[in-house]
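Novice: Pasting a structure below so you can have a look.
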Amino acid sequence: MPSTDAQPAGARAPFRLARFAPLVSVALALVAWEAVSRSGMWPDWLLPGPGPVFRRLGEETLAGKTAEACRITLGRALLGLGMSVVIGGGAGLFLGRFRWARAAVAPLLAGLQTVPSVTWFPLAILLFQLSEQAIQTVVVLGAAPCIAVALLDSFDRVPPVLVKAGRSLGLEGFGLFRHVLLPAAMPGFVSGVKQGWAFAWRSLMAGELLVLIGDKPSLGAHLHFARELSDAEGLLAWLVVVLGIGILVDVLVFRTLEDALHRRHGLSRDAAR
Amino acid sequence: MTEPALDIRGLRKVYGGTKSPVTAIENLNLTVARGEFVCLVGASGCGKSTLLHMLAGLESVTEGTLTLPIGRPALMFQESALFPWLSVTKNLDLPLRLAGLESGARKARIAELLALVKLEAFADAQPHQLSGGMRQRVALVRALAQGAKLLLLDEPFAALDAMSRDRLHEELERIWRDEGLTILFVTHNAREAVRLADRVVMLAPRPGRILSEHHIDLPRPRRIESPEVATRAAELLDLLKAAHAVD
């Protein structure tokens with residue numbers, strides 16, 4: 001791996017208030033929620049404010065339920081995304097190498113992407129019953145084509161001069177692929193995985209609401225039962241967890257990864273001088 | 001004259017299918033001696049880049065023969081064609097690795113190459129952290145790293161400011177002399193050609209063909225802003241303009 005630390009640490013942005021600006025969004029959301037809850041449009045037991053919901057979240061967390069639900073759901077998400085990266089990435093690599101294969105399969109990929117993944121569930125449940133396979137099938141059907149297409153697109157966007165440079169160094173075929181096309185496509189691939197994650201996460205949540213498995217109290221299962229029992233506090237508490245996971249994965253995992261790659265490739269805004 | 005570094009006989013290049021063929025180069029003959037510095041000058045459309053790409057094996061030859069007795073040439077591009085995901089060192093390391101050098105030998109050679117263009121301090125920088133001039137210096141030594149004795153340069157300094165360009169002219173001239181290279185340098189700038197070349201080959205466009213050849217016997221080191229260089233360049237430009245008027 002080439003070193004990413006060429007940029008001195010001192011070049012990092014200094015402490016600035018702007019870095020905390022996103023917290024304003026959190027405050028706005030909480031204020032709006034509190035306001036709607038107090039407006040009396042719905043009774044308290046249907047739409048409780050942030051206070052009771054976070055208290056409830058605290059209780060669930062102390063009881064170990066939050067950790068258990070996160071473990072189950074994130075475990076499924078990781079497995080599904082992992083399989084999607086392997087399958088979608090593999091397909092993208094293969095189709096990127098062989099033009100004829102790509103021409104043959106591209107319409108299929110495009111078609112798969114137009115199907116809202118939740119509509120696969122009836123078929124998946126018929127084929128696999130209410131099982132992990134049913135959930136994972138749909139997660140992979142949603143995320144893998146998206147990752148494959150992103151990888152293919154990023155192969156297309158490799159600057160021709162870099163390909164020429166590679167060829168002028170004597171690289172051909174697999175060597176050109178390994179030393180030029182693949183690394184040049186990396187930022188696009190990571191963006192594809194990020195998009196794949198968004199698909200996977202949505203499919204997974206839909207799946208957990210539809211495919212309830214007895215001994216697996218996942219986030220979706222908690223949401224489902226909270227609604228069945230008209231437990232609005234619980235429902236909102238689990239919704240907060242879903243939201244939190246989405247934000248954390250986006251910021252901590254993907255933004256960090258993208259930033260690092262973009263900095264290395266000289267694509268980030270602060271790198272342009 | 002000993003065996004040449006490059007011999008082009010009856011070269012012809014046609015693009016496009018049988019329906020609407022475009023002749024990029026027609027019956028081009030050119031011999032470059034070992035250690036010679038030749039500049040190709042011509043307006044756009046005269047097949048300069050096509051010629052270099054054919055010599056580098058990036059494009060096929062329609063007709064004619066290319067003979068490269070001193071081996072595979074190295075090509076350097078106008079825009080920075082460094083790999084942006086690799087540090088300066090790794091960019092230089094790749095051609096050395098492809099040449100099958102061992103780790104120790106590669107390290108030593110990289111240090112030599114960086115010293116050649118005085119960029120030792122930027123060994124670990126990424127290309128985007130360098131100025132345009134520095135990037136082209138790295139690209140120049142990357143071409144050298146391929147071990148080629150024949151260097152093909154495709155308007156390598158066209159995008160640089162005048163100061164960086166002057167400096168790179170000096171460095172290129174020094175490296176050419178010290179490393180015993182043969183250089184084929186494409187430019188549309190007649191002054192740059194007179195500043196650098198032993199011989200200037202003027203190309204006419206559509207189809208690309210040789211218009212005339214001129215030995216530049218001004219003593220080295222030359223300066224691009226010297227009156228002698230300016231005068232020779234103006235003569236060459238007049239020839240080019242006359243050729244275009246005939247077109």
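Here, A, B, ... name the chains of the structure tokens in the order displayed, residue numbers run from 1 inside each chain, and ligands are numbered from 1 in the same displayed order.
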DSSP on the backbone: what in range 7-126 of chain B comes out helix (DSSP H, G or I), as a PDB file with N, CA and C atoms, in the first residue's frame?

Specialist:
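Once written, states_31.pdb looks like this:
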```
ATOM      1  N   LYS B  48       2.018  14.625 -35.276  1.00  0.00           N
ATOM      2  CA  LYS B  48       3.180  14.532 -34.385  1.00  0.00           C
ATOM      3  C   LYS B  48       2.969  13.490 -33.284  1.00  0.00           C
ATOM      4  N   SER B  49       1.833  13.652 -32.597  1.00  0.00           N
ATOM      5  CA  SER B  49       1.564  12.728 -31.487  1.00  0.00           C
ATOM      6  C   SER B  49       1.343  11.314 -31.995  1.00  0.00           C
ATOM      7  N   THR B  50       0.656  11.214 -33.132  1.00  0.00           N
ATOM      8  CA  THR B  50       0.417   9.897 -33.723  1.00  0.00           C
ATOM      9  C   THR B  50       1.736   9.186 -33.978  1.00  0.00           C
ATOM     10  N   LEU B  51       2.689   9.951 -34.497  1.00  0.00           N
ATOM     11  CA  LEU B  51       3.995   9.366 -34.801  1.00  0.00           C
ATOM     12  C   LEU B  51       4.638   8.818 -33.521  1.00  0.00           C
ATOM     13  N   LEU B  52       4.642   9.634 -32.455  1.00  0.00           N
ATOM     14  CA  LEU B  52       5.258   9.175 -31.204  1.00  0.00           C
ATOM     15  C   LEU B  52       4.523   7.954 -30.652  1.00  0.00           C
ATOM     16  N   HIS B  53       3.197   7.990 -30.734  1.00  0.00           N
ATOM     17  CA  HIS B  53       2.422   6.857 -30.204  1.00  0.00           C
ATOM     18  C   HIS B  53       2.711   5.581 -30.981  1.00  0.00           C
ATOM     19  N   MET B  54       2.928   5.713 -32.278  1.00  0.00           N
ATOM     20  CA  MET B  54       3.275   4.524 -33.068  1.00  0.00           C
ATOM     21  C   MET B  54       4.652   4.011 -32.664  1.00  0.00           C
ATOM     22  N   LEU B  55       5.584   4.945 -32.447  1.00  0.00           N
ATOM     23  CA  LEU B  55       6.932   4.535 -32.047  1.00  0.00           C
ATOM     24  C   LEU B  55       6.902   3.839 -30.685  1.00  0.00           C
ATOM     25  N   VAL B  88       5.590   9.648  -5.347  1.00  0.00           N
ATOM     26  CA  VAL B  88       6.641   9.852  -6.339  1.00  0.00           C
ATOM     27  C   VAL B  88       7.534   8.612  -6.422  1.00  0.00           C
ATOM     28  N   THR B  89       7.956   8.129  -5.248  1.00  0.00           N
ATOM     29  CA  THR B  89       8.825   6.954  -5.219  1.00  0.00           C
ATOM     30  C   THR B  89       8.169   5.752  -5.884  1.00  0.00           C
ATOM     31  N   LYS B  90       6.897   5.525  -5.561  1.00  0.00           N
ATOM     32  CA  LYS B  90       6.218   4.334  -6.113  1.00  0.00           C
ATOM     33  C   LYS B  90       5.986   4.487  -7.611  1.00  0.00           C
ATOM     34  N   ASN B  91       5.785   5.727  -8.067  1.00  0.00           N
ATOM     35  CA  ASN B  91       5.647   5.951  -9.505  1.00  0.00           C
ATOM     36  C   ASN B  91       6.933   5.542 -10.240  1.00  0.00           C
ATOM     37  N   LEU B  92       8.065   5.854  -9.600  1.00  0.00           N
ATOM     38  CA  LEU B  92       9.345   5.496 -10.221  1.00  0.00           C
ATOM     39  C   LEU B  92       9.632   4.011 -10.042  1.00  0.00           C
ATOM     40  N   ASP B  93       9.091   3.458  -8.961  1.00  0.00           N
ATOM     41  CA  ASP B  93       9.368   2.062  -8.648  1.00  0.00           C
ATOM     42  C   ASP B  93       8.719   1.117  -9.656  1.00  0.00           C
ATOM     43  N   LEU B  94       7.531   1.517 -10.143  1.00  0.00           N
ATOM     44  CA  LEU B  94       6.768   0.607 -11.014  1.00  0.00           C
ATOM     45  C   LEU B  94       7.541   0.173 -12.265  1.00  0.00           C
ATOM     46  N   PRO B  95       8.078   1.126 -13.064  1.00  0.00           N
ATOM     47  CA  PRO B  95       8.824   0.661 -14.247  1.00  0.00           C
ATOM     48  C   PRO B  95      10.048  -0.166 -13.882  1.00  0.00           C
ATOM     49  N   LEU B  96      10.669   0.151 -12.735  1.00  0.00           N
ATOM     50  CA  LEU B  96      11.851  -0.622 -12.328  1.00  0.00           C
ATOM     51  C   LEU B  96      11.446  -2.045 -11.959  1.00  0.00           C
ATOM     52  N   ARG B  97      10.282  -2.161 -11.295  1.00  0.00           N
ATOM     53  CA  ARG B  97       9.779  -3.478 -10.920  1.00  0.00           C
ATOM     54  C   ARG B  97       9.428  -4.279 -12.167  1.00  0.00           C
ATOM     55  N   LEU B  98       8.799  -3.570 -13.130  1.00  0.00           N
ATOM     56  CA  LEU B  98       8.428  -4.251 -14.374  1.00  0.00           C
ATOM     57  C   LEU B  98       9.671  -4.719 -15.121  1.00  0.00           C
ATOM     58  N   SER B 103      14.760  -5.313  -5.081  1.00  0.00           N
ATOM     59  CA  SER B 103      14.386  -4.210  -4.200  1.00  0.00           C
ATOM     60  C   SER B 103      15.537  -3.225  -3.944  1.00  0.00           C
ATOM     61  N   GLY B 104      16.715  -3.765  -3.611  1.00  0.00           N
ATOM     62  CA  GLY B 104      17.852  -2.906  -3.299  1.00  0.00           C
ATOM     63  C   GLY B 104      18.264  -2.065  -4.495  1.00  0.00           C
ATOM     64  N   ALA B 105      18.330  -2.710  -5.634  1.00  0.00           N
ATOM     65  CA  ALA B 105      18.726  -2.023  -6.866  1.00  0.00           C
ATOM     66  C   ALA B 105      17.708  -0.947  -7.216  1.00  0.00           C
ATOM     67  N   ARG B 106      16.429  -1.262  -6.966  1.00  0.00           N
ATOM     68  CA  ARG B 106      15.379  -0.290  -7.279  1.00  0.00           C
ATOM     69  C   ARG B 106      15.522   0.945  -6.412  1.00  0.00           C
ATOM     70  N   LYS B 107      15.767   0.705  -5.126  1.00  0.00           N
ATOM     71  CA  LYS B 107      15.918   1.826  -4.193  1.00  0.00           C
ATOM     72  C   LYS B 107      17.048   2.740  -4.635  1.00  0.00           C
ATOM     73  N   ALA B 108      18.167   2.135  -4.974  1.00  0.00           N
ATOM     74  CA  ALA B 108      19.336   2.915  -5.370  1.00  0.00           C
ATOM     75  C   ALA B 108      19.034   3.718  -6.633  1.00  0.00           C
ATOM     76  N   ARG B 109      18.376   3.056  -7.575  1.00  0.00           N
ATOM     77  CA  ARG B 109      18.080   3.726  -8.851  1.00  0.00           C
ATOM     78  C   ARG B 109      17.104   4.879  -8.629  1.00  0.00           C
ATOM     79  N   ILE B 110      16.113   4.684  -7.756  1.00  0.00           N
ATOM     80  CA  ILE B 110      15.146   5.751  -7.478  1.00  0.00           C
ATOM     81  C   ILE B 110      15.854   6.961  -6.888  1.00  0.00           C
ATOM     82  N   ALA B 111      16.784   6.698  -5.964  1.00  0.00           N
ATOM     83  CA  ALA B 111      17.529   7.803  -5.355  1.00  0.00           C
ATOM     84  C   ALA B 111      18.318   8.559  -6.427  1.00  0.00           C
ATOM     85  N   GLU B 112      18.950   7.797  -7.338  1.00  0.00           N
ATOM     86  CA  GLU B 112      19.693   8.413  -8.439  1.00  0.00           C
ATOM     87  C   GLU B 112      18.794   9.295  -9.293  1.00  0.00           C
ATOM     88  N   LEU B 113      17.632   8.725  -9.640  1.00  0.00           N
ATOM     89  CA  LEU B 113      16.719   9.438 -10.539  1.00  0.00           C
ATOM     90  C   LEU B 113      16.208  10.715  -9.885  1.00  0.00           C
ATOM     91  N   LEU B 114      15.867  10.622  -8.601  1.00  0.00           N
ATOM     92  CA  LEU B 114      15.364  11.809  -7.908  1.00  0.00           C
ATOM     93  C   LEU B 114      16.445  12.876  -7.805  1.00  0.00           C
ATOM     94  N   ALA B 115      17.680  12.431  -7.591  1.00  0.00           N
ATOM     95  CA  ALA B 115      18.784  13.381  -7.503  1.00  0.00           C
ATOM     96  C   ALA B 115      18.980  14.080  -8.848  1.00  0.00           C
ATOM     97  N   LEU B 116      18.746  13.329  -9.906  1.00  0.00           N
ATOM     98  CA  LEU B 116      18.928  13.856 -11.259  1.00  0.00           C
ATOM     99  C   LEU B 116      18.045  15.084 -11.494  1.00  0.00           C
ATOM    100  N   GLU B 120      14.791  15.026  -4.357  1.00  0.00           N
ATOM    101  CA  GLU B 120      14.965  14.064  -3.258  1.00  0.00           C
ATOM    102  C   GLU B 120      13.992  14.334  -2.121  1.00  0.00           C
ATOM    103  N   ALA B 121      13.711  15.621  -1.883  1.00  0.00           N
ATOM    104  CA  ALA B 121      12.873  15.981  -0.735  1.00  0.00           C
ATOM    105  C   ALA B 121      11.417  15.602  -0.945  1.00  0.00           C
ATOM    106  N   PHE B 122      11.072  15.228  -2.174  1.00  0.00           N
ATOM    107  CA  PHE B 122       9.656  14.964  -2.454  1.00  0.00           C
ATOM    108  C   PHE B 122       9.388  13.487  -2.744  1.00  0.00           C
TER     109      PHE B 122
END
```

Novice: Excluding Ala144 in chain A and its own-chain neighbours fewer than 6 positions away, which residues fall within 7 Å of it when counting only C-alpha atoms? Please give them as an NGL selection string.

Specialist: :A and (84-85 or 87-88 or 196)

Novice: Print the selection's residues with N, CA and C atoms to a file, as an mmCIF file, in the first residue's frame.

Specialist:
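Saved as part21.cif:
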```
data_model
loop_
_atom_site.group_PDB
_atom_site.id
_atom_site.type_symbol
_atom_site.label_atom_id
_atom_site.label_comp_id
_atom_site.auth_asym_id
_atom_site.auth_seq_id
_atom_site.Cartn_x
_atom_site.Cartn_y
_atom_site.Cartn_z
ATOM 1 N N SER A 84 -22.284 -8.991 -0.898
ATOM 2 C CA SER A 84 -22.546 -8.122 -2.048
ATOM 3 C C SER A 84 -21.247 -7.591 -2.638
ATOM 4 N N VAL A 85 -20.299 -7.241 -1.750
ATOM 5 C CA VAL A 85 -19.016 -6.733 -2.247
ATOM 6 C C VAL A 85 -18.293 -7.831 -3.019
ATOM 7 N N ILE A 87 -19.666 -10.592 -4.436
ATOM 8 C CA ILE A 87 -20.380 -10.969 -5.655
ATOM 9 C C ILE A 87 -20.397 -9.798 -6.655
ATOM 10 N N GLY A 88 -20.794 -8.608 -6.172
ATOM 11 C CA GLY A 88 -20.865 -7.442 -7.056
ATOM 12 C C GLY A 88 -19.485 -7.053 -7.548
ATOM 13 N N GLY A 196 -24.018 0.750 -2.102
ATOM 14 C CA GLY A 196 -24.461 -0.615 -1.848
ATOM 15 C C GLY A 196 -24.907 -0.787 -0.411
#
```

Novice: Tell me the residues of chain B close to chain A, meaning within 7 Å using only C-alpha atoms, as an mmCIF file with all heavy atoms, in the first residue's frame.

Specialist:
```cif
data_model
loop_
_atom_site.group_PDB
_atom_site.id
_atom_site.type_symbol
_atom_site.label_atom_id
_atom_site.label_comp_id
_atom_site.auth_asym_id
_atom_site.auth_seq_id
_atom_site.Cartn_x
_atom_site.Cartn_y
_atom_site.Cartn_z
ATOM 1 N N ALA B 56 5.987 4.314 -29.799
ATOM 2 C CA ALA B 56 5.910 3.730 -28.457
ATOM 3 C C ALA B 56 5.071 2.456 -28.441
ATOM 4 O O ALA B 56 4.891 1.845 -27.397
ATOM 5 C CB ALA B 56 5.333 4.754 -27.483
ATOM 6 N N LEU B 58 1.850 2.288 -29.027
ATOM 7 C CA LEU B 58 0.485 2.501 -28.557
ATOM 8 C C LEU B 58 -0.513 2.495 -29.708
ATOM 9 O O LEU B 58 -1.711 2.396 -29.493
ATOM 10 C CB LEU B 58 0.368 3.835 -27.808
ATOM 11 C CG LEU B 58 1.209 3.991 -26.545
ATOM 12 C CD1 LEU B 58 0.920 5.322 -25.866
ATOM 13 C CD2 LEU B 58 0.934 2.857 -25.588
ATOM 14 N N ALA B 74 10.960 5.152 -24.470
ATOM 15 C CA ALA B 74 10.077 5.561 -23.375
ATOM 16 C C ALA B 74 9.363 6.832 -23.809
ATOM 17 O O ALA B 74 9.938 7.680 -24.481
ATOM 18 C CB ALA B 74 10.878 5.813 -22.113
ATOM 19 N N LEU B 75 8.103 6.933 -23.424
ATOM 20 C CA LEU B 75 7.266 8.050 -23.869
ATOM 21 C C LEU B 75 6.876 8.916 -22.679
ATOM 22 O O LEU B 75 6.535 8.420 -21.619
ATOM 23 C CB LEU B 75 6.008 7.484 -24.544
ATOM 24 C CG LEU B 75 4.932 8.461 -25.009
ATOM 25 C CD1 LEU B 75 5.469 9.426 -26.047
ATOM 26 C CD2 LEU B 75 3.748 7.691 -25.595
ATOM 27 N N ALA B 81 1.159 12.351 -16.517
ATOM 28 C CA ALA B 81 0.584 11.016 -16.622
ATOM 29 C C ALA B 81 1.106 10.147 -15.485
ATOM 30 O O ALA B 81 1.151 8.938 -15.587
ATOM 31 C CB ALA B 81 0.919 10.405 -17.975
ATOM 32 N N PHE B 83 0.819 8.276 -11.953
ATOM 33 C CA PHE B 83 -0.329 7.629 -11.344
ATOM 34 C C PHE B 83 -0.649 8.337 -10.034
ATOM 35 O O PHE B 83 0.172 8.344 -9.114
ATOM 36 C CB PHE B 83 -0.052 6.141 -11.136
ATOM 37 C CG PHE B 83 0.199 5.431 -12.432
ATOM 38 C CD1 PHE B 83 1.374 4.750 -12.669
ATOM 39 C CD2 PHE B 83 -0.751 5.478 -13.441
ATOM 40 C CE1 PHE B 83 1.600 4.119 -13.879
ATOM 41 C CE2 PHE B 83 -0.531 4.843 -14.657
ATOM 42 C CZ PHE B 83 0.645 4.172 -14.874
ATOM 43 N N PRO B 84 -1.831 8.959 -9.944
ATOM 44 C CA PRO B 84 -2.110 9.826 -8.797
ATOM 45 C C PRO B 84 -2.207 9.073 -7.475
ATOM 46 O O PRO B 84 -2.069 9.687 -6.428
ATOM 47 C CB PRO B 84 -3.454 10.475 -9.157
ATOM 48 C CG PRO B 84 -4.054 9.624 -10.196
ATOM 49 C CD PRO B 84 -2.925 8.956 -10.917
ATOM 50 N N TRP B 85 -2.423 7.764 -7.511
ATOM 51 C CA TRP B 85 -2.562 7.021 -6.263
ATOM 52 C C TRP B 85 -1.218 6.539 -5.724
ATOM 53 O O TRP B 85 -1.150 5.977 -4.650
ATOM 54 C CB TRP B 85 -3.507 5.826 -6.452
ATOM 55 C CG TRP B 85 -3.090 4.946 -7.582
ATOM 56 C CD1 TRP B 85 -2.222 3.890 -7.523
ATOM 57 C CD2 TRP B 85 -3.509 5.055 -8.941
ATOM 58 N NE1 TRP B 85 -2.068 3.353 -8.776
ATOM 59 C CE2 TRP B 85 -2.848 4.032 -9.664
ATOM 60 C CE3 TRP B 85 -4.371 5.919 -9.608
ATOM 61 C CZ2 TRP B 85 -3.031 3.858 -11.032
ATOM 62 C CZ3 TRP B 85 -4.544 5.727 -10.977
ATOM 63 C CH2 TRP B 85 -3.880 4.706 -11.663
ATOM 64 N N LEU B 86 -0.156 6.768 -6.502
ATOM 65 C CA LEU B 86 1.165 6.337 -6.054
ATOM 66 C C LEU B 86 2.010 7.546 -5.691
ATOM 67 O O LEU B 86 1.926 8.587 -6.344
ATOM 68 C CB LEU B 86 1.874 5.562 -7.173
ATOM 69 C CG LEU B 86 1.231 4.255 -7.655
ATOM 70 C CD1 LEU B 86 2.070 3.647 -8.783
ATOM 71 C CD2 LEU B 86 1.108 3.269 -6.512
ATOM 72 N N SER B 87 2.823 7.396 -4.649
ATOM 73 C CA SER B 87 3.756 8.461 -4.300
ATOM 74 C C SER B 87 4.791 8.585 -5.411
ATOM 75 O O SER B 87 4.883 7.726 -6.297
ATOM 76 C CB SER B 87 4.446 8.127 -2.985
ATOM 77 O OG SER B 87 5.281 7.007 -3.161
ATOM 78 N N PRO B 95 8.078 1.126 -13.064
ATOM 79 C CA PRO B 95 8.824 0.661 -14.247
ATOM 80 C C PRO B 95 10.048 -0.166 -13.882
ATOM 81 O O PRO B 95 10.401 -1.101 -14.617
ATOM 82 C CB PRO B 95 9.233 1.961 -14.955
ATOM 83 C CG PRO B 95 9.001 3.053 -13.986
ATOM 84 C CD PRO B 95 7.948 2.585 -13.037
ATOM 85 N N ASP B 124 8.355 11.096 -1.005
ATOM 86 C CA ASP B 124 7.130 10.495 -0.459
ATOM 87 C C ASP B 124 5.879 11.294 -0.781
ATOM 88 O O ASP B 124 4.796 10.940 -0.325
ATOM 89 C CB ASP B 124 7.267 10.332 1.054
ATOM 90 C CG ASP B 124 8.372 9.350 1.399
ATOM 91 O OD1 ASP B 124 8.506 8.356 0.662
ATOM 92 O OD2 ASP B 124 9.110 9.592 2.371
ATOM 93 N N ALA B 125 6.026 12.376 -1.544
ATOM 94 C CA ALA B 125 4.854 13.198 -1.868
ATOM 95 C C ALA B 125 3.975 12.475 -2.875
ATOM 96 O O ALA B 125 4.427 11.606 -3.616
ATOM 97 C CB ALA B 125 5.310 14.534 -2.431
ATOM 98 N N GLN B 126 2.696 12.831 -2.863
ATOM 99 C CA GLN B 126 1.781 12.347 -3.907
ATOM 100 C C GLN B 126 1.858 13.332 -5.076
ATOM 101 O O GLN B 126 2.097 14.527 -4.858
ATOM 102 C CB GLN B 126 0.353 12.294 -3.377
ATOM 103 C CG GLN B 126 0.130 11.337 -2.234
ATOM 104 C CD GLN B 126 0.233 9.891 -2.649
ATOM 105 O OE1 GLN B 126 1.031 9.139 -2.113
ATOM 106 N NE2 GLN B 126 -0.545 9.480 -3.639
ATOM 107 N N HIS B 128 -0.245 15.005 -6.738
ATOM 108 C CA HIS B 128 -1.054 16.222 -6.675
ATOM 109 C C HIS B 128 -0.490 17.253 -5.718
ATOM 110 O O HIS B 128 -0.937 18.393 -5.708
ATOM 111 C CB HIS B 128 -2.498 15.884 -6.306
ATOM 112 C CG HIS B 128 -2.659 15.346 -4.918
ATOM 113 N ND1 HIS B 128 -2.831 16.159 -3.825
ATOM 114 C CD2 HIS B 128 -2.659 14.085 -4.447
ATOM 115 C CE1 HIS B 128 -2.940 15.409 -2.746
ATOM 116 N NE2 HIS B 128 -2.840 14.156 -3.093
#
```

Novice: Please list as a ChimeraX atom specification every residue within 8 Å of Ala5 in chain B, counting only C-alpha atoms and excluding residues in the same chain fewer than 4 positions away.

Specialist: /B:31-35,68-70,150,182

Novice: Where does DSSP see strand (DSSP E) in range 4-247 of chain B, if you list the residues as a PyMOL selection string?

Specialist: chain B and resi 6-15+22-32+37-41+63-67+74-76+150-154+182-187+199-204+209-215

Novice: Need to verify the contact set: range 252-254 of chain A, 10 Å, only C-alpha atoms, exclusion of same-chain residues closer than 2 positions in sequence. Can you return it as a list in words?

Specialist: Val190, Ser191, Val193, Lys194, Gln195, Trp197, Ile247, Leu248, Val249, Asp250, Thr256, Leu257, Glu258, Asp259 and Ala260 of chain A

Novice: Residues of the last selection are to be written out with C-alpha atoms, as a compact mmCIF listing (two decimals), in the first residue's frame.

Specialist:
```txt
# COMPACT_ATOMS: atom_id res chain seq x y z
CA VAL A 190 -15.70 2.76 -2.58
CA SER A 191 -18.51 5.15 -3.53
CA VAL A 193 -19.86 0.15 -1.82
CA LYS A 194 -21.23 3.11 0.09
CA GLN A 195 -24.26 3.17 -2.20
CA TRP A 197 -24.54 -0.20 1.90
CA ILE A 247 -25.41 8.06 10.44
CA LEU A 248 -22.50 6.43 12.24
CA VAL A 249 -21.73 4.04 9.39
CA ASP A 250 -21.97 6.82 6.86
CA THR A 256 -13.39 8.38 6.45
CA LEU A 257 -12.58 5.85 3.77
CA GLU A 258 -13.58 8.15 0.94
CA ASP A 259 -11.67 11.07 2.39
CA ALA A 260 -8.53 8.99 2.76
```

Novice: I'd like to know which of B:Leu218, B:Leu151, B:Leu181, B:Val138 is closest to Leu196 in chain B, using only C-alpha atoms.

Specialist: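 Nearest to Leu196 in chain B: B:Leu218.
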
Novice: So that I can check the surroundings of Val38 in chain B, please list as a ChimeraX atom specification every protein, DNA and RNA residue that reaches within 6 Å of it, counting only C-alpha atoms and ignoring chain neighbours fewer than 2 positions away.

Specialist: /B:184,197-200

Novice: My list of candidates is A:Cys146, A:Val86, A:Ala237, A:Leu47. Which is closest to Ala198 in chain A when distances are computed with only C-alpha atoms?

Specialist: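 Looking only at the distances to Ala198 in chain A, the closest residue turns out to be A:Cys146.
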
Novice: Considering only C-alpha atoms, return as a PyMOL selection string whatever protein or nucleic-acid residues lie within 7 Å of Pro207 in chain B, sequence-local ones (same chain, fewer than 5 positions apart) excluded.

Specialist: chain B and resi 23-26+46

Novice: List the neighbours of Ala232 in chain A out to 7 Å using only C-alpha atoms; skip same-chain residues closer than 3 positions along the sequence, and give me the result as an mmCIF file with C-alpha atoms, in the first residue's frame.

Specialist:
```
data_model
loop_
_atom_site.group_PDB
_atom_site.id
_atom_site.type_symbol
_atom_site.label_atom_id
_atom_site.label_comp_id
_atom_site.auth_asym_id
_atom_site.auth_seq_id
_atom_site.Cartn_x
_atom_site.Cartn_y
_atom_site.Cartn_z
ATOM 1 C CA TRP A 45 -49.023 7.664 24.365
ATOM 2 C CA LEU A 46 -49.050 7.742 20.536
ATOM 3 C CA LEU A 47 -46.350 10.348 20.011
ATOM 4 C CA ALA A 226 -43.567 -2.250 19.231
ATOM 5 C CA LEU A 235 -41.003 2.091 18.532
ATOM 6 C CA LEU A 236 -39.410 5.535 18.530
#
```

Novice: Between B:Gly17, B:Pro4, B:Arg220, B:Val186, which residue has the minimum interatomic distance to Leu30 in chain B, considering only C-alpha atoms?

Specialist: B:Pro4

Novice: Quick one, how far is CA of Ala190 in chain B from CA of Glu213 in chain B?

Specialist: 12.8 Å
